[in-house]
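Beneath this line is the structure, given in structure tokens, with notes to follow.
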Amino acid sequence: MELFREYVKEREGCETLVIDNGFLTARIDKDERGNKFLFINDFFVSKKDRKKIRHTAIKLLAKAKTLALKNDCLKICGVVWTDTLNATESLKANLYYGYKVV
């Protein structure tokens, strides 16, 4: 995973946050007003953990929030691709955790 982490940092400028059964990649960016935000690029939870109580997703989002706060980000953003496997479940999970569709 360390080599993958190095690759993603070099290629996309993303940090890789890893826990058991999941990872996410995210980068710090600025909006048109110069305000920092954290953009979640990739979010993956292993198939065996998706149907459980969703502890992995909650832990990953907590790590993302910590990274955002550490970097003075005002918001956390990401994309849910609607034409991929489990898109409906992903969107529902994001709404459940308090994210909004814009």
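So you can find residues: chains in the structure tokens are A, B, ... in the order shown, residues in each start at 1, and ligands are numbered from 1 in order.
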Spatial neighbours of Lys65 of chain A, max dist 10 Å, only C-alpha atoms, sep filter under 5 positions, as an MDAnalysis selection string: chainID A and resid 38 59:60 70:71 73 75:76
Write out the residues from the selection above, keeping C-alpha atoms, as a PDB file, in the first residue's frame.
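Resulting contents of part_30.pdb:
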ATOM      1  CA  LEU A  38     -11.032  18.639   0.997  1.00  0.00           C
ATOM      2  CA  LYS A  59     -13.866   5.663  10.413  1.00  0.00           C
ATOM      3  CA  LEU A  60     -12.742   6.788   6.957  1.00  0.00           C
ATOM      4  CA  LYS A  70      -5.893  20.075  10.184  1.00  0.00           C
ATOM      5  CA  ASN A  71      -5.635  21.924   6.863  1.00  0.00           C
ATOM      6  CA  CYS A  73     -10.714  23.365   5.109  1.00  0.00           C
ATOM      7  CA  LYS A  75     -15.934  21.886   3.561  1.00  0.00           C
ATOM      8  CA  ILE A  76     -15.517  18.345   2.297  1.00  0.00           C
TER       9      ILE A  76
END
When DSSP is applied to the backbone of this structure, which of chain A are assigned alpha helix (DSSP H)? Write them out as a ChimeraX atom specification. /A:2-12,47-50,55-70,87-96
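Taking atom CA of Phe39 of chain A as the reference point, atom CA of Cys14 of chain A is found at 9.0 Å.
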Record the distance separating atom CA of Asp31 of chain A and atom CA of Val79 of chain A, expressed in Å with one decimal.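 Straight-line distance from atom CA of Asp31 of chain A to atom CA of Val79 of chain A works out to 15.7 Å.
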Gap from atom CA of Lys9 of chain A to atom CA of Lys36 of chain A - Å, one decimal: 18.2 Å
Those of chain A in DSSP strand (DSSP E), formatted as a PyMOL selection string: chain A and resi 15-19+22-30+36-45+75-78
Within 8 Å of Thr16 of chain A, counting only C-alpha atoms, which residues qualify if same-chain residues fewer than 2 places away don't, as an mmCIF file with C-alpha atoms, in the first residue's frame?
data_model
loop_
_atom_site.group_PDB
_atom_site.id
_atom_site.type_symbol
_atom_site.label_atom_id
_atom_site.label_comp_id
_atom_site.auth_asym_id
_atom_site.auth_seq_id
_atom_site.Cartn_x
_atom_site.Cartn_y
_atom_site.Cartn_z
ATOM 1 C CA ARG A 5 0.210 5.850 -1.606
ATOM 2 C CA VAL A 8 -1.250 8.678 -5.849
ATOM 3 C CA LYS A 9 0.548 11.528 -4.066
ATOM 4 C CA CYS A 14 -3.795 13.111 -3.091
ATOM 5 C CA VAL A 18 -5.971 3.695 5.045
ATOM 6 C CA PHE A 23 -9.115 3.493 2.094
ATOM 7 C CA LEU A 24 -9.786 6.874 0.580
ATOM 8 C CA THR A 25 -7.753 9.341 -1.432
ATOM 9 C CA ALA A 26 -8.283 13.069 -1.006
#
Identify which of the residues A:Glu10, A:Asp20, A:Glu15, A:Glu2 lies closest to Leu67 of chain A, counting only C-alpha atoms when measuring atom-to-atom distances.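 Under the stated criterion, the closest residue is A:Glu15.
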Residues near Ala57 of chain A, cut-off 10 Å, only C-alpha atoms, skip fewer than 3 positions along chain, as a list in words: Ile19, Asn21, Gly22, Phe23, Leu24, Phe43, Phe44, Val45, Ser46, Asp49, Arg50, Ile53, Arg54, Leu60, Leu61, Ala62, Lys63, Ala93, Asn94 and Tyr97 of chain A
Which residues are near Lys100 of chain A? Cut-off 10 Å, only C-alpha atoms, ignore same chain within fewer than 5 positions. Put them as a short mmCIF file (atom, residue, chain, number, x, y, z; two decimals) with N, CA and C atoms, in the first residue's frame.
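Listed below is the output, result_23.cif:
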data_model
loop_
_atom_site.label_atom_id
_atom_site.label_comp_id
_atom_site.auth_asym_id
_atom_site.auth_seq_id
_atom_site.Cartn_x
_atom_site.Cartn_y
_atom_site.Cartn_z
N CYS A 77 -15.83 17.76 -0.03
CA CYS A 77 -16.58 17.50 -1.26
C CYS A 77 -16.15 16.16 -1.86
N LEU A 91 -24.79 6.90 -2.68
CA LEU A 91 -25.47 8.18 -2.49
C LEU A 91 -26.28 8.18 -1.20
N ASN A 94 -23.91 8.60 1.73
CA ASN A 94 -23.45 9.99 1.85
C ASN A 94 -24.52 10.88 2.46
N LEU A 95 -25.75 10.71 2.04
CA LEU A 95 -26.85 11.50 2.60
C LEU A 95 -27.04 11.16 4.08
#
